[in-house]
Each structure stands twice: as structure tokens, then as C-alpha cells.
Amino acid sequence: MKKISLAFSLAALLSASVLPAQARDTKLLLPLDSAKDMKDKEGILDGSVKFYFATQSHPAVLEKISTDVTNQKTNAVGKSDEEACKWVYLSALVQLHKKARELGGNAVVNIVSYYKKNEMASATEFECHAGATMAGVALKGDIVKIADR
């Protein structure tokens, strides 16, 4: 009888360990300028590529080059959700900047948050998702050449 009880306890323990874990996925909407005082590690954001979110007004588009999506993640361990989101947002802007320069663009317009392919258009905020160990920001925008002001 003791063997049956032990076997049953072991089976219960094993079945409980295969239940799906509920990972934290906290959605945050943060101001676009929340990372304005932060510097990207490589110094890439030098102002040569301008960013315009959602319906923000921008100079005339001379040429649309491409639409690009960046989906960045960062380590959130030991950081507040807001701090991790600021870093990953900055990383997303760096990736859009690199792609624009690579393709000959000088701006990225119509930028929207694109987390899990769900568009969230805002001229004032970006969407970030933070978990226990990772934070993520996805952005989609049109790489263009704009007229100089």
C-alpha cells in the first residue's frame, strides 16, 4: 500500500510540474520622449535620421524606400519595467536608424508600435511589454527620403 501511495504522490508531483507556467507580460504605454536623455551604446542616433510617429507632421516625402519592422528584446533582470522599456525602445530606434541609413533614407515616418503584429498608433506613446526577465518593443515604420526643412 505504501508503494501505491508513493507512486500516486510522485505521479501527482510530475503532472503538476508540466502545467503551463503563467509568465508575466505587463503592457506599458510610455511617452515617446521618455528615453530622450539616454544615449545609445554605439552612438548611432546622431540625428541624421528623423523619426515621426503615427500622425506626427513631417516634411514632404520625396521617396518611400521600404517598410521595416524591428522587434527588440532586452534583459529586464534587476531593472524596473520602465527602465527596461526605455532601453529596449532605444534599441528599436537604433535598428530603424541603421536600416534607414543602409537603404539611403533620412527619416522613418508613420511609426507604430507593432507588438505581436498588433498595431498601436500614437503620436505621443510607445507600447512595451515587460516580463520577469525580458522586455520587448516592436516598431513598424516607413523608411523614406524627406525634404529638408
# chains A, B, ... in the order shown; residues from 1 in each chain; ligands from 1
>>> select_by_dssp(residues="chain A", states="alpha helix (DSSP H)", output="PyMOL selection string")
chain A and resi 2-17+81-103
>>> closest_residue(among="A:Ile111, A:Ala132, A:Met38, A:Ile146", to="A:Trp87", atoms="only C-alpha atoms")
A:Met38
>>> select_by_dssp(residues="stretch 39-124 of chain A", states="strand (DSSP E)", output="number ranges by chain")
A: 50-53, 61-75, 107-113
>>> residues_around(residues="A:Val94", least_positions_apart="6", cutoff="8 Å", atoms="only C-alpha atoms", output="list in words")
Asp40, Ile44 and Leu45 of chain A
>>> write_last_selection(atoms="N, CA, C and O atoms", output="short mmCIF file (atom, residue, chain, number, x, y, z; two decimals), in the first residue's frame")
data_model
loop_
_atom_site.label_atom_id
_atom_site.label_comp_id
_atom_site.auth_asym_id
_atom_site.auth_seq_id
_atom_site.Cartn_x
_atom_site.Cartn_y
_atom_site.Cartn_z
N ASP A 40 22.40 55.88 -26.86
CA ASP A 40 22.57 54.50 -27.29
C ASP A 40 24.06 54.14 -27.18
O ASP A 40 24.93 54.99 -27.28
N ILE A 44 24.85 55.70 -32.31
CA ILE A 44 24.29 55.66 -33.66
C ILE A 44 23.24 56.73 -33.89
O ILE A 44 23.14 57.29 -34.98
N LEU A 45 22.45 57.03 -32.88
CA LEU A 45 21.38 58.03 -33.06
C LEU A 45 21.99 59.43 -33.08
O LEU A 45 22.04 60.12 -32.07
#
